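Inspection log for the structure reproduced underneath, given as C-alpha cells.
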Amino acid sequence: MKRGKKYTEAAKLVDRGTLYDVADAVSLVKKTAVAKFDETVEAHVRLGVDGRHADQQVRGAVVLPHGTGKTVRVLVFAKGDKVAEAEAAGADYVGGEELIPKIQNDGWFEFDVVVATPDMMGVVGRLGRVLGPKGLMPNPKAGTVTMDVTKAVNDIKAGKIEYRLDKANIIHCPVGKVSFTEEQLAENFKTLMDAIIKAKPSSAKGTYMKSISLASSMGPGIKVNPQKLD
C-alpha cells in the first residue's frame with residue numbers, strides 16, 4: 001500500500017521493534033499525527049482469548065475521564081414517563097414503534113448510540129438485523145438496556161465507550177483526540193486498559209494481553225509495552 005510523504009516521514013519517528021511505555025507512546029502519537037483535522041487516537045488491544053466461546057467473551061463499557069472529544073448522538077427507545085426522562089437527560093432522539101420503519105426502510109442512522117428500556121427490547125429486537133452489524137444493538141452489559149435512562153444518557157454524553165472483541169480477538173477503542181493533552185490521553189488510555197484487565201474471563205489461559213498499540217486515525221501504530229501498564 002502506497003503511503004503519502006507525510007505518513008512516511010512520521011513513521012520514521014517510530015521504532016517498530018520497540019515496546020514503548022504509555023507516556024512515550026502517547027507523546028509519539030501526537031508527534032506522528034500529521035493530518036489537517038483533529039485525528040482520533042485509538043487503542044488496539046489483541047487479547048489471548050477465543051471470542052468464539054461464550055465464556056471467553058470480553059465486553060463492557062467504561063466512562064473515559066476526559067471523554068472522547070466527539071459529540072455523541074443518543075437515540076433512546078422508551079415509552080410512558082421514560083420518554084420525558086430521556087428528553088430531560090439530553091437524548092437527541094426519543095421514540096418507540098414509529099421509529100422502526102424510519103430505520104429499517106429509510107436507512108435513518110443519525111445516531112451513534114442506542115439506549116432502550118427493557119420493556120422496549122421486543123420492539124428494538126426487530127431491528128437486530130440492521131443495528132447488530134453496525135454495533136448499535138443495546139446491550140445490558142454495556143449499560144444500554146436499562147430503566148435508569150438518565151444515568152445511561154449522562155454517561156454516554158460524558159464519554160462512555162463500549163469495548164468488545166472483533167472476530168480476530170482484538171478490541172478497537174477511541175481514547176480521545178490528538179488535540180488532548182498527553183496527560184488526558186494517558187489517563188483515558190489507562191482507564192480503558194484497567195476496565196479490559198478487570199473484564200478478563202476466568203477461563204482465559206496463558207497471556208491475556210498479547211499486544212497493544214496506539215495510533216491516530218491517519219498515523220502509524222505505536223506498540224505499547226503490556227508489562228508497563230501500571
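Residues are referred to by chain and number: the chain letter is A, B, ... according to the order shown in the C-alpha cells, the number counts from 1 in that chain, and ligands are numbered separately from 1 in the order shown.
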
Residues flagged alpha helix (DSSP H) by DSSP in segment 60-213 of chain A, as a PyMOL selection string = chain A and resi 81-89+99-104+121-124+128-131+149-158+182-198

*Out of segment 36-150 of chain A, which residues get strand (DSSP E) from DSSP, as number ranges by chain?*
A: 40-47, 59-63, 74-77, 93-95, 113-116

Can you tell me, as JSON, numbers by chain, what residues are no more than 10 Å from segment 207-215 of chain A when counting only C-alpha atoms, ignoring any on the same chain fewer than 5 positions away?
-> {"A": [19, 20, 22, 25, 26, 28, 29, 30, 32, 33, 39, 40, 41, 42, 43, 44, 45, 46, 47, 48, 49, 170, 171, 172, 173, 174, 175, 178, 189, 193, 196, 197, 200, 201, 220, 221, 222, 223, 224, 225, 226, 227]}

Expected file: the selected residues, N, CA and C atoms, as a CSV table (one decimal), in the first residue's frame:
chain,number,residue,atom,x,y,z
A,19,LEU,N,8.9,-1.6,22.3
A,19,LEU,CA,7.6,-1.6,23.1
A,19,LEU,C,7.7,-0.4,24.0
A,20,TYR,N,7.0,0.7,23.7
A,20,TYR,CA,7.1,1.9,24.4
A,20,TYR,C,6.2,1.9,25.7
A,22,VAL,N,3.6,3.9,28.3
A,22,VAL,CA,2.4,4.7,27.9
A,22,VAL,C,2.8,6.1,27.6
A,25,ALA,N,4.6,6.5,24.3
A,25,ALA,CA,3.7,6.1,23.2
A,25,ALA,C,2.7,7.3,22.9
A,26,VAL,N,2.1,7.9,23.9
A,26,VAL,CA,1.2,9.0,23.8
A,26,VAL,C,1.9,10.2,23.1
A,28,LEU,N,4.5,10.1,21.2
A,28,LEU,CA,4.7,9.8,19.8
A,28,LEU,C,3.5,9.9,18.9
A,29,VAL,N,2.3,9.5,19.5
A,29,VAL,CA,1.0,9.5,18.7
A,29,VAL,C,0.8,11.0,18.3
A,30,LYS,N,1.0,11.9,19.3
A,30,LYS,CA,0.8,13.3,19.0
A,30,LYS,C,1.7,13.8,17.9
A,32,THR,N,3.2,12.1,15.6
A,32,THR,CA,3.1,11.4,14.2
A,32,THR,C,1.7,11.7,13.6
A,33,ALA,N,0.8,12.5,14.2
A,33,ALA,CA,-0.5,12.8,13.7
A,33,ALA,C,-0.3,14.0,12.8
A,39,GLU,N,-7.3,14.5,14.6
A,39,GLU,CA,-7.5,13.0,14.5
A,39,GLU,C,-7.9,12.3,15.8
A,40,THR,N,-8.6,11.2,15.7
A,40,THR,CA,-9.0,10.4,16.8
A,40,THR,C,-7.8,9.5,17.2
A,41,VAL,N,-7.5,9.4,18.5
A,41,VAL,CA,-6.5,8.5,18.9
A,41,VAL,C,-7.2,7.2,19.3
A,42,GLU,N,-6.7,6.1,18.8
A,42,GLU,CA,-7.3,4.8,19.0
A,42,GLU,C,-6.4,3.8,19.7
A,43,ALA,N,-6.9,2.9,20.5
A,43,ALA,CA,-6.1,1.8,21.1
A,43,ALA,C,-6.6,0.6,20.5
A,44,HIS,N,-5.6,-0.3,20.1
A,44,HIS,CA,-5.9,-1.6,19.5
A,44,HIS,C,-5.3,-2.7,20.4
A,45,VAL,N,-6.1,-3.5,21.0
A,45,VAL,CA,-5.7,-4.4,22.0
A,45,VAL,C,-6.0,-5.9,21.6
A,46,ARG,N,-4.9,-6.6,21.4
A,46,ARG,CA,-5.1,-8.1,21.0
A,46,ARG,C,-5.0,-8.9,22.2
A,47,LEU,N,-6.1,-9.7,22.5
A,47,LEU,CA,-6.2,-10.5,23.7
A,47,LEU,C,-6.0,-12.0,23.4
A,48,GLY,N,-5.4,-12.7,24.4
A,48,GLY,CA,-5.2,-14.1,24.3
A,48,GLY,C,-6.4,-14.9,24.8
A,49,VAL,N,-7.5,-14.6,24.1
A,49,VAL,CA,-8.8,-15.3,24.4
A,49,VAL,C,-9.4,-15.8,23.1
A,170,ILE,N,-9.5,-8.8,18.8
A,170,ILE,CA,-8.9,-7.5,19.0
A,170,ILE,C,-10.0,-6.5,19.4
A,171,ILE,N,-9.7,-5.7,20.4
A,171,ILE,CA,-10.6,-4.6,20.8
A,171,ILE,C,-10.0,-3.3,20.2
A,172,HIS,N,-10.9,-2.5,19.5
A,172,HIS,CA,-10.5,-1.2,19.0
A,172,HIS,C,-11.4,-0.2,19.7
A,173,CYS,N,-10.7,0.8,20.3
A,173,CYS,CA,-11.5,1.8,21.0
A,173,CYS,C,-10.8,3.2,20.9
A,174,PRO,N,-11.7,4.3,20.8
A,174,PRO,CA,-11.1,5.6,20.8
A,174,PRO,C,-10.7,6.0,22.2
A,175,VAL,N,-9.6,6.7,22.4
A,175,VAL,CA,-9.3,7.2,23.7
A,175,VAL,C,-9.1,8.7,23.8
A,178,VAL,N,-6.3,14.0,19.1
A,178,VAL,CA,-4.9,14.5,19.1
A,178,VAL,C,-4.7,15.8,19.8
A,189,PHE,N,-6.5,6.3,28.3
A,189,PHE,CA,-6.0,5.0,27.9
A,189,PHE,C,-5.9,4.1,29.1
A,193,MET,N,-7.7,0.5,29.7
A,193,MET,CA,-6.9,-0.8,30.0
A,193,MET,C,-7.3,-1.4,31.3
A,196,ILE,N,-10.5,-3.4,30.8
A,196,ILE,CA,-10.3,-4.6,30.0
A,196,ILE,C,-9.6,-5.7,30.9
A,197,ILE,N,-8.6,-5.2,31.7
A,197,ILE,CA,-8.0,-6.2,32.6
A,197,ILE,C,-9.0,-6.8,33.6
A,200,LYS,N,-11.2,-9.6,32.4
A,200,LYS,CA,-10.6,-10.9,32.0
A,200,LYS,C,-11.4,-12.1,32.4
A,201,PRO,N,-11.8,-12.9,31.4
A,201,PRO,CA,-12.6,-14.1,31.7
A,201,PRO,C,-11.9,-15.1,32.6
A,220,PRO,N,0.9,6.2,12.1
A,220,PRO,CA,1.4,4.8,12.2
A,220,PRO,C,1.1,4.2,13.6
A,221,GLY,N,1.1,2.9,13.7
A,221,GLY,CA,0.8,2.3,15.0
A,221,GLY,C,2.1,2.3,15.9
A,222,ILE,N,1.9,2.5,17.2
A,222,ILE,CA,3.0,2.6,18.1
A,222,ILE,C,2.7,1.5,19.2
A,223,LYS,N,3.6,0.6,19.3
A,223,LYS,CA,3.4,-0.5,20.2
A,223,LYS,C,3.7,-0.1,21.7
A,224,VAL,N,2.7,-0.5,22.5
A,224,VAL,CA,2.8,-0.2,24.0
A,224,VAL,C,3.2,-1.5,24.7
A,225,ASN,N,4.1,-1.3,25.7
A,225,ASN,CA,4.6,-2.5,26.5
A,225,ASN,C,3.5,-2.9,27.4
A,226,PRO,N,2.9,-4.1,27.2
A,226,PRO,CA,1.8,-4.6,28.1
A,226,PRO,C,2.3,-4.8,29.6
A,227,GLN,N,3.6,-5.0,29.8
A,227,GLN,CA,4.1,-5.2,31.1
A,227,GLN,C,4.2,-3.9,31.9

As a check of understanding: the span from atom CA of Arg164 of chain A to atom CA of Ala204 of chain A is 15.4 Å

Thr71 of chain A environment, 10 Å, only C-alpha atoms, sequence neighbours closer than 2 positions dropped, as a VMD selection string: chain A and resid 67 to 69 73 to 74 112 156 to 159

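Atom CA of Gly128 of chain A is found 25.2 Å from atom CA of Ala199 of chain A.
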
Show me a table, sorted first by chain and then by increasing residue number, of the residues of segment 138-172 of chain A having an atom at most 12 Å from segment 84-87 of chain A, each with its shortest atom pair and the distance in Å to one decimal, counting only C-alpha atoms and written as a Markdown table.
| residue | atom | partner | partner_atom | distance |
| --- | --- | --- | --- | --- |
| A:Thr146 | CA | A:Ala86 | CA | 11.6 |
| A:Met147 | CA | A:Glu85 | CA | 10.2 |
| A:Asp148 | CA | A:Glu85 | CA | 9.1 |
| A:Val149 | CA | A:Ala86 | CA | 5.8 |
| A:Thr150 | CA | A:Ala86 | CA | 6.2 |
| A:Lys151 | CA | A:Ala86 | CA | 9.6 |
| A:Ala152 | CA | A:Ala86 | CA | 9.2 |
| A:Val153 | CA | A:Ala86 | CA | 7.4 |
| A:Asn154 | CA | A:Ala86 | CA | 9.8 |

Just write the chosen residues, C-alpha atoms, as a CSV table (one decimal), in the first residue's frame.
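Just written: part_38.csv:
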chain,number,residue,atom,x,y,z
A,146,THR,CA,-31.7,0.0,31.5
A,147,MET,CA,-34.6,1.6,33.3
A,148,ASP,CA,-32.2,4.3,34.5
A,149,VAL,CA,-32.3,6.3,31.3
A,150,THR,CA,-30.9,9.5,32.9
A,151,LYS,CA,-27.7,7.8,34.0
A,152,ALA,CA,-27.3,6.0,30.7
A,153,VAL,CA,-27.6,9.2,28.6
A,154,ASN,CA,-25.4,11.2,31.0
